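K.L.:
Dropping the structure in here first, questions after.
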Amino acid sequence: FLNREPLRMSYSDMSSMTDRISSSTDITKFISDLGHACTHSVGTLKDTLKEANNGLSLDDASLSRLITFFASIGSAKQGDDFSSTLVGSLLPSVENAGEDKNGSHSSWDLDVVCRVLEEEFSQNNWEMVARHFDHPEFFIKDAINFAALLKLYKAGAKRDITSAALLSEWKNTAGQISLLEQLIHVNPNVYSVNVTDEEAIDATIGVGCPNRCFSSVEFLHRLLALSDSQYTRQIRDILIKGLMTCPEVLFCALVRLRSVNVGTKMKSDLLAQLVSMYFKPNRHQHAVALIKRLWIISQQTVVAACTEVWRSVTLSTERMPVMMHITNILRLLPESANKILGSRDFDFCVSVAFVAADKDFIKLNAWLQERISSVGMPFAFTLVAYISKTYAAATPRSDSPLVSIENIATALKILQNAESALLNQPSPGGGATLGENVKVLTEACVQKHPSIITSAPHNDDIEEMADSYLQKIYTSEQSISEVVEMLKKFKTSGNTRDNEIFACMIHNLFDEYRFFAKYPEKELRITGILFGTLIQEQLVSSITLGIALRYVLEALRKPPGPQVGSGKMFRFGMFALEQFKGRLYEWPQYCSHIVQIPHLKQGQPELVQDIERAMAESQRSTNSNDGESNERPEQILGGTSLDAGALHPAPLNSLPLPGASIGVASLLPPIQPKVAVFGVKLGRAVTGVGLDTEHKTPPDNVLDRVQFIINNLSMTNVDQKVGELKDIITAEFFGWLGQYLVVKRISTQPNFHNLYLAFLDKLGDYGKGLVDAILQSVYLGIGKLLRSPKITTSTSERSLLKNLGSWLGSITLARNKPILQKMLDCKELLFQGYETGRLIAVTPFVAKILEGAKASIVFRPPNPWVMGLLSVFKCLYDVDDLKMNIKFEVEVLCKNLNVKLEDIEIRDDLSKRIPPHKEKNPDFNIKSAMANNNSGASSNGPMASPEGKPSAPPSVTQSEPPTSSASTSSNSSSFQEQTVIPNLASYVTINPAISLFNANSSLKRVVPIAVDRAIREIIQPVVERSVTIACITTKELITKDYAMESDENKMRKAAQLMVSNLAGSLALVTCKEPLRASISTHLKQLLTAAIQGDRNSPESEKMMDQVVQSCSNDNLELGCMLIEKAATEKALRDIDEALATAFQTRRKHREQTGQPYYDMSIFGNNRYPTALPEPLRPKPGGLQNSQLLVYDAFQRMPRQPMVSQQTSSEGSSNNLNTSSGSTVNNRGIVSPAVAVGDMLTSSQGLEALSAVVNKLDTAINALLSAAGSRAGSITVSMIPADHEVRKILEGVKVVTSCLSHGNVLDEAVLSFAQGVFKRMYDLSLSEPLRLEVFIALLQCLDEVCPKLSKEIGTWVTYAPMNNDNQKKIEQDYFAFVGEKQTGQNCRFGCIYHT
């Protein structure tokens, strides 16, 4: 190696290499190939750059790459002079540059590079140079590399690199991470990260961070953003170095980034470690400085950290040190007390308050009163629950416990003295009231810690008064009997102060028990007599009575004699026992313990005999079922034995420790609930008393003739049949005939009730006995059906009951005869039906009875008896989760009686009735999703009701916007929330193609919750604004247009039509986009909280966005419809109130004068109405019919739906939809794609007609669902004229009126009708309403298309007759058409006769 030959290269070889180098397009490659010789001098480097770049000027990107190159190889060395030779050959002007005068240059000279950058490139945009470091070749290998980069940049820029350039988002992620790895180690003299003043202060906390990188929010934000990529491990290593070197600084920066949604998982892990490090009692040396700094940065973070640490430990031995640490934080930051003790985590703040009170940091009494008054029921219930699960481990305050007996006593006293309105509120989830829970808890606490009785603090003046009253006994100023009478008054007084004095006197007396052994003889005797008298006069009860009896028993067990202590206690016990000997028989077990005392048997044999006689008397009383006393001290004393250990209350080991969210009443001795019983006080009809009698049966020949008469009875031969009946039957057989008619005819043939009533009327006086017999048989049948165990499950029995109710109303109320309460109490029947789950049978029964009142003069509304029953119906209608078919019965009844449901005054309150259990109750529609986690929202559109059909849309009222929900820890806990809008989940649409829901079906449950929150969030401002504008507009126009109208009903109708349309339309326009955004926001929050695992991956985010977009669009129409409905209903109420004075004025004017009314106030305006054209000016007599059409048109004005909703029906065979899309408004009226009056093409006509059928399908589904088991008997003739189905059928004429007459009209109608006709033959006969609607639809089309009847004749000829079902459909079709067209000139007649 040492003797190797010098390098020799021919001139041609050298020339070839230099040509190749000089032709290179990459300047860094060019310089790299030349080698270190190009940096031997400033001139050489400049010439090199000129040669490489055809000039010395470089752009920012090339300069950035050049600096990166020199920084990466600046320390590299080359051992030969080959580089000098190349430079000399390539650059003749520096021919001798390659010769080293000193012979020492063998590496790159960065100083030369710095001088060139400073002299030639200082005018470049160095901020852009720094930005261009983000190129593929950028990578920092080590600290020397990084220092060289900083040095070169500073030489050219005359300043350090800005942090913004280094910490912005780079494409070369690996290169940026290599830079960040070196940045955390760089000496602050070399480089420091740019930070704000506040971040600079953070950098000095604890050990500190000299180069301030971990105090920079910008630096940390970039690290967290990179942690969500594939470089998680490298970022974790960087952050761990910060955690090890300057944890306090890192903590501050993370807190500043608490609301930034990047690197969530990494940030959560770091914060969990830091919280554990500084908020647990491990005495970290810099904890004080850090906590003070954190309080300045974010007070909420300090509160949350304390709460998190408190929840992270469960054992009391671990929790107490944590509580002491939190208390020290309160002392360190006195201003934090309001935040920490005002936390919404009530369990946490109660726990802290108890410990802080023991350390004299706060006054627990005042704090509890303030929290209960400001928060109310949620805090009070949490306080009760917290005490219930901790009272067993409570000890005196002197032991420094987690929960002290003194604090429990204070809390119980505050709860007991709370306002009655609060104490009467039911606990969350129902059940016992707060007051009942407090009472039960107090008894349990006193049983465990008797000293609680004396631990509750009293005011000083109360203490003084109590002591003065007791003192008067011992000074003989008052006798014992006088004081006892005074105590009785104090106890029963409604005055709070008197009650407190009584309690204080009892507490003080019990508290003195431990000193009785030191009392003088006189005072001991007085005290014993007073103690026993309290028991005898029942001034102490329950737990207090048990403690008093324990004290007496303990004293009696002390040995008598001269001993100072025990002898006095025995004498105290004897004094007390003598006073209440008369009550000993009430407590036989207590007596058995007394007679077993040995020295009592020997020294007081007569007393023992008296007690034994009392025991025997108690035994005889028990055997004779005389009952027991209400108070059982043997139970209060905690067991069946009272040995020495029984002097202390028995532990409640048998009671489970309650959780913070569990009702106390379910954990402590329970309060027995009332049990609802059906049949009591409902009348003789239900009990059957005196109704079920034997009836004499007529001879067979008479029986046959009577049956023949009834079978052939009709409205045309009633008179004839009445005469025949009178000839063959006498009054003695009326009982049998009445029973026969009820059982065989009336109960099963409701369509012939009018015939039988006419028959009875024709019988006249002869038939009075028969009417009474029928009525008795009806009551008997009603009672049997109501008592039947199958009445809630058997549709046939409920049908019979309803038929009997219809007959009962027709034969009594309709004829102005009352239904006596002693026979049948209808109101109590409804109440008991509600309590026992029989509303499904009782509601239609009573409703049918009341329908008879519409034909009555006496019992029609506002008859008080009828209105009382309607009030009960209104109460039941408002019950949550009540089945739709029950509500439907109420609505039908109100319509039949011409009464508006909203106008009914509620007189009877269901709160006094026993609430029913809704689970498995046939009256309530409780979704299985509410009971378990196995089902969610339907993936096929609207969820089915228990009857299997979609029910009517829910109603929504305005409510306060929901509070944002916190993230939940598990799926099972995050889906327990129910929607506030009743039954909303049944109508929410979920696309079955969403893969996220297919993979985890339980996530579907968040969709109804999100829709519910979104609606409630925006409904109030939208409705208020829409209704206000609509009412003002309507009032102004109506007042002017109807100034000459004296009929207030016409004015009211026009106002209601206008305001409902305006308010609904305005609400619809206003709410669309806010509702879409709100649904998306809430749904994304709920899904983010529910999805486990890596939910920050791009795939997960993309899938979630797709779900949110799909569900928001699918349910936008539903939300808009509910908001529109709420706005319409409120507008109707408000406009009636706004125009009430105008209505009243017109009514009074008409009643008092009988003359037409003129509102002359409108002429006070100079411009109106004189400026109007003559046809538009108000004229006497009111508006003309042509003018009224303007207002009538409001009920026909349609709206376009915002989104396409596909309605799911029961099956494809029943689906009437023939085309996608819908242009039907919420009132069932059709809206073509163009304005009414414009002409439609054939395709547009088909789309509009298809929209009609789509809406018709929805209306039929809702109707049949509401009808429940009666769906199979619903026909078109039963549907009211103003029902939605009939309105939609009328809408066909609106569409066809917009079609161009001629071939276009015929083409559209015939094409559409053929599709309807084909589907008709696919129907099932289980629901005849669908077939009749098809036929009615064809009839409507026939009226506008003369060719249709002929075409239908052809279709019928070739219609399929493959099965009995299709044959039956054709027969029903012909029968229905024939029945409808009898006596009319109908083109369908030819079809029927063929």
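Each chain in the structure tokens gets a letter, A, B, ..., in the order shown, and its residues are numbered from 1; ligands are numbered from 1 in order too.
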Can you list, as a list in words, every protein, DNA or RNA residue that comes within 12 Å of A:Ala148 when you count only C-alpha atoms, leaving out same-chain residues fewer than 3 positions away?
P.N.:
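Non-adjacent residues within range: Ile67, Thr68, Phe69, Phe70, Ala71, Ser72, Ile73, Gly74, Ser75, Trp108, Asp109, Leu110, Asp111, Val113, Cys114, Ile140, Lys141, Asp142, Ala143, Ile144, Asn145, Lys151, Leu152, Tyr153, Lys154, Ala155, Val186, Val190 and Tyr191 of chain A.
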K.L.:
How about saving the chosen residues, N, CA and C atoms kept, as a PDB file, in the first residue's frame?
P.N.:
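Output (part39.pdb):
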```pdb
ATOM      1  N   ILE A  67     -27.486  23.496   1.210  1.00  0.00           N
ATOM      2  CA  ILE A  67     -27.196  23.552   2.658  1.00  0.00           C
ATOM      3  C   ILE A  67     -27.355  22.168   3.263  1.00  0.00           C
ATOM      4  N   THR A  68     -28.431  21.459   2.872  1.00  0.00           N
ATOM      5  CA  THR A  68     -28.640  20.102   3.393  1.00  0.00           C
ATOM      6  C   THR A  68     -27.451  19.207   3.041  1.00  0.00           C
ATOM      7  N   PHE A  69     -26.959  19.352   1.817  1.00  0.00           N
ATOM      8  CA  PHE A  69     -25.832  18.516   1.374  1.00  0.00           C
ATOM      9  C   PHE A  69     -24.581  18.809   2.207  1.00  0.00           C
ATOM     10  N   PHE A  70     -24.199  20.084   2.321  1.00  0.00           N
ATOM     11  CA  PHE A  70     -22.999  20.426   3.070  1.00  0.00           C
ATOM     12  C   PHE A  70     -23.125  20.035   4.545  1.00  0.00           C
ATOM     13  N   ALA A  71     -24.372  20.169   5.121  1.00  0.00           N
ATOM     14  CA  ALA A  71     -24.555  19.799   6.531  1.00  0.00           C
ATOM     15  C   ALA A  71     -24.394  18.305   6.721  1.00  0.00           C
ATOM     16  N   SER A  72     -24.780  17.523   5.720  1.00  0.00           N
ATOM     17  CA  SER A  72     -24.742  16.066   5.887  1.00  0.00           C
ATOM     18  C   SER A  72     -23.342  15.489   5.679  1.00  0.00           C
ATOM     19  N   ILE A  73     -22.454  16.127   4.834  1.00  0.00           N
ATOM     20  CA  ILE A  73     -21.139  15.540   4.564  1.00  0.00           C
ATOM     21  C   ILE A  73     -20.008  16.483   4.942  1.00  0.00           C
ATOM     22  N   GLY A  74     -20.361  17.533   5.691  1.00  0.00           N
ATOM     23  CA  GLY A  74     -19.355  18.528   6.005  1.00  0.00           C
ATOM     24  C   GLY A  74     -18.195  17.998   6.816  1.00  0.00           C
ATOM     25  N   SER A  75     -18.401  16.952   7.565  1.00  0.00           N
ATOM     26  CA  SER A  75     -17.331  16.388   8.409  1.00  0.00           C
ATOM     27  C   SER A  75     -16.631  15.212   7.752  1.00  0.00           C
ATOM     28  N   TRP A 108     -14.085  18.626   3.865  1.00  0.00           N
ATOM     29  CA  TRP A 108     -14.905  19.764   3.439  1.00  0.00           C
ATOM     30  C   TRP A 108     -14.764  20.908   4.443  1.00  0.00           C
ATOM     31  N   ASP A 109     -14.579  22.104   3.926  1.00  0.00           N
ATOM     32  CA  ASP A 109     -14.387  23.273   4.791  1.00  0.00           C
ATOM     33  C   ASP A 109     -15.712  24.047   4.853  1.00  0.00           C
ATOM     34  N   LEU A 110     -16.459  23.868   5.973  1.00  0.00           N
ATOM     35  CA  LEU A 110     -17.750  24.522   6.127  1.00  0.00           C
ATOM     36  C   LEU A 110     -17.618  26.021   6.339  1.00  0.00           C
ATOM     37  N   ASP A 111     -16.434  26.462   6.840  1.00  0.00           N
ATOM     38  CA  ASP A 111     -16.242  27.907   7.005  1.00  0.00           C
ATOM     39  C   ASP A 111     -16.259  28.597   5.642  1.00  0.00           C
ATOM     40  N   VAL A 113     -17.863  27.530   3.063  1.00  0.00           N
ATOM     41  CA  VAL A 113     -19.252  27.512   2.632  1.00  0.00           C
ATOM     42  C   VAL A 113     -20.031  28.653   3.294  1.00  0.00           C
ATOM     43  N   CYS A 114     -19.789  28.856   4.595  1.00  0.00           N
ATOM     44  CA  CYS A 114     -20.486  29.922   5.320  1.00  0.00           C
ATOM     45  C   CYS A 114     -20.176  31.290   4.714  1.00  0.00           C
ATOM     46  N   ILE A 140     -31.615  14.152   9.035  1.00  0.00           N
ATOM     47  CA  ILE A 140     -30.597  14.518  10.022  1.00  0.00           C
ATOM     48  C   ILE A 140     -30.113  13.247  10.697  1.00  0.00           C
ATOM     49  N   LYS A 141     -28.789  12.962  10.513  1.00  0.00           N
ATOM     50  CA  LYS A 141     -28.254  11.699  11.052  1.00  0.00           C
ATOM     51  C   LYS A 141     -27.892  11.813  12.521  1.00  0.00           C
ATOM     52  N   ASP A 142     -27.331  12.942  12.928  1.00  0.00           N
ATOM     53  CA  ASP A 142     -26.843  13.051  14.302  1.00  0.00           C
ATOM     54  C   ASP A 142     -26.802  14.520  14.688  1.00  0.00           C
ATOM     55  N   ALA A 143     -26.312  14.763  15.898  1.00  0.00           N
ATOM     56  CA  ALA A 143     -26.270  16.121  16.430  1.00  0.00           C
ATOM     57  C   ALA A 143     -25.313  17.000  15.630  1.00  0.00           C
ATOM     58  N   ILE A 144     -24.163  16.417  15.146  1.00  0.00           N
ATOM     59  CA  ILE A 144     -23.205  17.202  14.356  1.00  0.00           C
ATOM     60  C   ILE A 144     -23.864  17.668  13.065  1.00  0.00           C
ATOM     61  N   ASN A 145     -24.591  16.778  12.453  1.00  0.00           N
ATOM     62  CA  ASN A 145     -25.324  17.103  11.234  1.00  0.00           C
ATOM     63  C   ASN A 145     -26.282  18.271  11.475  1.00  0.00           C
ATOM     64  N   LYS A 151     -25.751  26.108  11.578  1.00  0.00           N
ATOM     65  CA  LYS A 151     -24.639  27.042  11.342  1.00  0.00           C
ATOM     66  C   LYS A 151     -24.704  27.603   9.927  1.00  0.00           C
ATOM     67  N   LEU A 152     -24.888  26.754   8.944  1.00  0.00           N
ATOM     68  CA  LEU A 152     -24.924  27.201   7.566  1.00  0.00           C
ATOM     69  C   LEU A 152     -26.105  28.141   7.311  1.00  0.00           C
ATOM     70  N   TYR A 153     -27.273  27.787   7.872  1.00  0.00           N
ATOM     71  CA  TYR A 153     -28.462  28.622   7.670  1.00  0.00           C
ATOM     72  C   TYR A 153     -28.257  29.998   8.281  1.00  0.00           C
ATOM     73  N   LYS A 154     -27.694  30.014   9.509  1.00  0.00           N
ATOM     74  CA  LYS A 154     -27.503  31.282  10.204  1.00  0.00           C
ATOM     75  C   LYS A 154     -26.498  32.165   9.472  1.00  0.00           C
ATOM     76  N   ALA A 155     -25.495  31.537   8.807  1.00  0.00           N
ATOM     77  CA  ALA A 155     -24.496  32.316   8.072  1.00  0.00           C
ATOM     78  C   ALA A 155     -25.141  33.077   6.920  1.00  0.00           C
ATOM     79  N   VAL A 186     -30.661  19.672  21.458  1.00  0.00           N
ATOM     80  CA  VAL A 186     -29.776  20.745  21.061  1.00  0.00           C
ATOM     81  C   VAL A 186     -29.524  21.682  22.236  1.00  0.00           C
ATOM     82  N   VAL A 190     -27.029  26.955  21.058  1.00  0.00           N
ATOM     83  CA  VAL A 190     -27.035  26.726  19.617  1.00  0.00           C
ATOM     84  C   VAL A 190     -28.390  27.102  19.014  1.00  0.00           C
ATOM     85  N   TYR A 191     -29.474  26.655  19.676  1.00  0.00           N
ATOM     86  CA  TYR A 191     -30.802  26.931  19.132  1.00  0.00           C
ATOM     87  C   TYR A 191     -31.849  26.772  20.231  1.00  0.00           C
TER      88      TYR A 191
END
```
K.L.:
Using only C-alpha atoms, which protein or nucleic acid residues come within 8 Å of stretch 570-581 of chain A? Drop anything in the same chain fewer than 6 positions from it, and give the result as a PDB file with N, CA, C and O atoms, in the first residue's frame.
P.N.:
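Wrote it out as result23.pdb, contents follow:
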```
ATOM      1  N   PHE A 516     -75.366   8.799  83.907  1.00  0.00           N
ATOM      2  CA  PHE A 516     -76.393   8.506  84.913  1.00  0.00           C
ATOM      3  C   PHE A 516     -75.798   7.900  86.179  1.00  0.00           C
ATOM      4  O   PHE A 516     -76.303   8.121  87.289  1.00  0.00           O
ATOM      5  N   LEU A 524     -81.382  11.086  89.838  1.00  0.00           N
ATOM      6  CA  LEU A 524     -81.447   9.787  89.158  1.00  0.00           C
ATOM      7  C   LEU A 524     -82.892   9.296  89.085  1.00  0.00           C
ATOM      8  O   LEU A 524     -83.334   8.787  88.049  1.00  0.00           O
ATOM      9  N   ARG A 525     -83.618   9.469  90.189  1.00  0.00           N
ATOM     10  CA  ARG A 525     -85.013   9.037  90.227  1.00  0.00           C
ATOM     11  C   ARG A 525     -85.846   9.843  89.231  1.00  0.00           C
ATOM     12  O   ARG A 525     -86.652   9.271  88.476  1.00  0.00           O
ATOM     13  N   THR A 527     -84.844  11.375  86.555  1.00  0.00           N
ATOM     14  CA  THR A 527     -84.451  11.017  85.185  1.00  0.00           C
ATOM     15  C   THR A 527     -85.047   9.678  84.778  1.00  0.00           C
ATOM     16  O   THR A 527     -85.522   9.502  83.646  1.00  0.00           O
ATOM     17  N   GLY A 528     -85.008   8.667  85.698  1.00  0.00           N
ATOM     18  CA  GLY A 528     -85.576   7.360  85.374  1.00  0.00           C
ATOM     19  C   GLY A 528     -87.060   7.437  85.094  1.00  0.00           C
ATOM     20  O   GLY A 528     -87.569   6.824  84.141  1.00  0.00           O
ATOM     21  N   ILE A 529     -87.787   8.206  85.929  1.00  0.00           N
ATOM     22  CA  ILE A 529     -89.230   8.344  85.715  1.00  0.00           C
ATOM     23  C   ILE A 529     -89.509   9.044  84.378  1.00  0.00           C
ATOM     24  O   ILE A 529     -90.395   8.635  83.618  1.00  0.00           O
ATOM     25  N   LEU A 530     -88.746  10.110  84.102  1.00  0.00           N
ATOM     26  CA  LEU A 530     -88.929  10.818  82.833  1.00  0.00           C
ATOM     27  C   LEU A 530     -88.638   9.910  81.644  1.00  0.00           C
ATOM     28  O   LEU A 530     -89.381   9.896  80.655  1.00  0.00           O
ATOM     29  N   PHE A 531     -87.575   9.121  81.777  1.00  0.00           N
ATOM     30  CA  PHE A 531     -87.188   8.223  80.679  1.00  0.00           C
ATOM     31  C   PHE A 531     -88.290   7.210  80.396  1.00  0.00           C
ATOM     32  O   PHE A 531     -88.677   6.987  79.241  1.00  0.00           O
ATOM     33  N   GLY A 532     -88.815   6.595  81.465  1.00  0.00           N
ATOM     34  CA  GLY A 532     -89.876   5.606  81.278  1.00  0.00           C
ATOM     35  C   GLY A 532     -91.165   6.228  80.782  1.00  0.00           C
ATOM     36  O   GLY A 532     -91.893   5.613  79.985  1.00  0.00           O
ATOM     37  N   THR A 533     -91.449   7.442  81.223  1.00  0.00           N
ATOM     38  CA  THR A 533     -92.675   8.108  80.794  1.00  0.00           C
ATOM     39  C   THR A 533     -92.637   8.412  79.298  1.00  0.00           C
ATOM     40  O   THR A 533     -93.661   8.342  78.614  1.00  0.00           O
ATOM     41  N   ILE A 535     -91.348   6.580  77.070  1.00  0.00           N
ATOM     42  CA  ILE A 535     -91.703   5.332  76.379  1.00  0.00           C
ATOM     43  C   ILE A 535     -93.192   5.055  76.520  1.00  0.00           C
ATOM     44  O   ILE A 535     -93.872   4.681  75.561  1.00  0.00           O
ATOM     45  N   GLN A 536     -93.721   5.254  77.739  1.00  0.00           N
ATOM     46  CA  GLN A 536     -95.129   4.970  77.991  1.00  0.00           C
ATOM     47  C   GLN A 536     -96.038   5.861  77.156  1.00  0.00           C
ATOM     48  O   GLN A 536     -97.045   5.408  76.604  1.00  0.00           O
ATOM     49  N   VAL A 552     -82.604   0.869  78.931  1.00  0.00           N
ATOM     50  CA  VAL A 552     -83.283   0.338  80.128  1.00  0.00           C
ATOM     51  C   VAL A 552     -82.840  -1.091  80.402  1.00  0.00           C
ATOM     52  O   VAL A 552     -82.551  -1.474  81.549  1.00  0.00           O
ATOM     53  N   LEU A 553     -82.800  -1.928  79.367  1.00  0.00           N
ATOM     54  CA  LEU A 553     -82.387  -3.317  79.534  1.00  0.00           C
ATOM     55  C   LEU A 553     -80.943  -3.403  80.024  1.00  0.00           C
ATOM     56  O   LEU A 553     -80.619  -4.206  80.919  1.00  0.00           O
ATOM     57  N   GLU A 554     -80.066  -2.554  79.470  1.00  0.00           N
ATOM     58  CA  GLU A 554     -78.671  -2.547  79.906  1.00  0.00           C
ATOM     59  C   GLU A 554     -78.567  -2.147  81.374  1.00  0.00           C
ATOM     60  O   GLU A 554     -77.770  -2.719  82.140  1.00  0.00           O
ATOM     61  N   ALA A 555     -79.364  -1.189  81.798  1.00  0.00           N
ATOM     62  CA  ALA A 555     -79.341  -0.750  83.198  1.00  0.00           C
ATOM     63  C   ALA A 555     -79.847  -1.845  84.118  1.00  0.00           C
ATOM     64  O   ALA A 555     -79.288  -2.066  85.209  1.00  0.00           O
ATOM     65  N   LEU A 556     -80.909  -2.544  83.711  1.00  0.00           N
ATOM     66  CA  LEU A 556     -81.445  -3.625  84.552  1.00  0.00           C
ATOM     67  C   LEU A 556     -80.448  -4.766  84.715  1.00  0.00           C
ATOM     68  O   LEU A 556     -80.468  -5.485  85.720  1.00  0.00           O
ATOM     69  N   ARG A 557     -79.603  -4.982  83.747  1.00  0.00           N
ATOM     70  CA  ARG A 557     -78.624  -6.053  83.828  1.00  0.00           C
ATOM     71  C   ARG A 557     -77.462  -5.730  84.767  1.00  0.00           C
ATOM     72  O   ARG A 557     -76.693  -6.612  85.127  1.00  0.00           O
ATOM     73  N   LYS A 558     -77.317  -4.432  85.125  1.00  0.00           N
ATOM     74  CA  LYS A 558     -76.286  -4.085  86.092  1.00  0.00           C
ATOM     75  C   LYS A 558     -76.659  -4.654  87.459  1.00  0.00           C
ATOM     76  O   LYS A 558     -77.825  -4.583  87.872  1.00  0.00           O
ATOM     77  N   PRO A 559     -75.712  -5.199  88.202  1.00  0.00           N
ATOM     78  CA  PRO A 559     -76.045  -5.800  89.513  1.00  0.00           C
ATOM     79  C   PRO A 559     -76.468  -4.735  90.520  1.00  0.00           C
ATOM     80  O   PRO A 559     -75.867  -3.658  90.580  1.00  0.00           O
ATOM     81  N   PRO A 560     -77.533  -5.016  91.278  1.00  0.00           N
ATOM     82  CA  PRO A 560     -77.950  -4.063  92.325  1.00  0.00           C
ATOM     83  C   PRO A 560     -76.991  -4.127  93.517  1.00  0.00           C
ATOM     84  O   PRO A 560     -76.171  -5.035  93.616  1.00  0.00           O
ATOM     85  N   ILE A 611     -94.563  -9.314  84.430  1.00  0.00           N
ATOM     86  CA  ILE A 611     -94.035  -9.345  83.059  1.00  0.00           C
ATOM     87  C   ILE A 611     -94.415 -10.643  82.370  1.00  0.00           C
ATOM     88  O   ILE A 611     -94.759 -10.649  81.176  1.00  0.00           O
TER      89      ILE A 611
END
```
K.L.:
Quick one: pull the distance between atom CA of A:Val842 and atom CA of A:Leu801, Å, one decimal.
P.N.:
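Atom-to-atom, atom CA of A:Val842 to atom CA of A:Leu801, that is 8.6 Å.
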K.L.:
For A:Leu49, which residue out of A:Thr28, A:Thr1141, A:Ser398, A:Ser1349 is the nearest one, using only C-alpha atoms?
P.N.:
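Nearest to A:Leu49: A:Thr28.
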K.L.:
Any chance you could list, as a ChimeraX atom specification, the residues in stretch 983-1085 of chain A that come up alpha helix (DSSP H) when DSSP is run on the backbone?
P.N.:
/A:995-999,1006-1041,1048-1085
